[in-house]
Amino acid sequence: MSPAREPALIPEPAGEPVPVDLTEQQITQLTARLKAGDRLTKTTAASLLGVSPATAGRRLAAARARLRPTEGTGFYV
């Protein structure tokens, strides 16, 4: 039998590592709010997530990146 594996950890600068599932959950939460039309800043995101503004800024950037198209410009010639 293989031993149970711990969740992967992403190192946070000057802080404790956060489990990936929590990070993913936070990004998903912000993505849903952005899709709903909420205007979020890193300060409001920090308040919503209960994290530092620096961490909230990283989560918000990841959430916004998910909303952008991944390929091309959307314009066809």
# chains A, B, ... in the order shown; residues from 1 in each chain; ligands from 1
call {"tool": "residues_around", "arguments": {"residues": "segment 34-49 of chain A", "least_positions_apart": "4", "cutoff": "9 Å", "atoms": "only C-alpha atoms", "output": "list of chain:residue names"}}
result
A:Gln26, A:Gln29, A:Leu30, A:Pro53, A:Ala54, A:Thr55, A:Ala56, A:Gly57, A:Arg58, A:Arg59, A:Leu60, A:Ala63, A:Arg64, A:Leu67
call {"tool": "write_last_selection", "arguments": {"atoms": "C-alpha atoms", "output": "PDB file, in the first residue's frame"}}
result
ATOM      1  CA  GLN A  26     -10.130  31.124  -3.386  1.00  0.00           C
ATOM      2  CA  GLN A  29     -14.545  32.199  -5.594  1.00  0.00           C
ATOM      3  CA  LEU A  30     -13.006  35.347  -7.059  1.00  0.00           C
ATOM      4  CA  PRO A  53      -3.519  42.184   0.265  1.00  0.00           C
ATOM      5  CA  ALA A  54      -0.413  40.738  -1.420  1.00  0.00           C
ATOM      6  CA  THR A  55      -1.889  37.224  -1.437  1.00  0.00           C
ATOM      7  CA  ALA A  56      -5.265  38.592  -2.545  1.00  0.00           C
ATOM      8  CA  GLY A  57      -3.550  40.392  -5.426  1.00  0.00           C
ATOM      9  CA  ARG A  58      -2.026  37.110  -6.632  1.00  0.00           C
ATOM     10  CA  ARG A  59      -5.367  35.286  -6.334  1.00  0.00           C
ATOM     11  CA  LEU A  60      -7.168  38.117  -8.137  1.00  0.00           C
ATOM     12  CA  ALA A  63      -8.893  34.752 -11.373  1.00  0.00           C
ATOM     13  CA  ARG A  64      -8.738  37.495 -14.023  1.00  0.00           C
ATOM     14  CA  LEU A  67     -11.540  34.978 -17.656  1.00  0.00           C
TER      15      LEU A  67
END
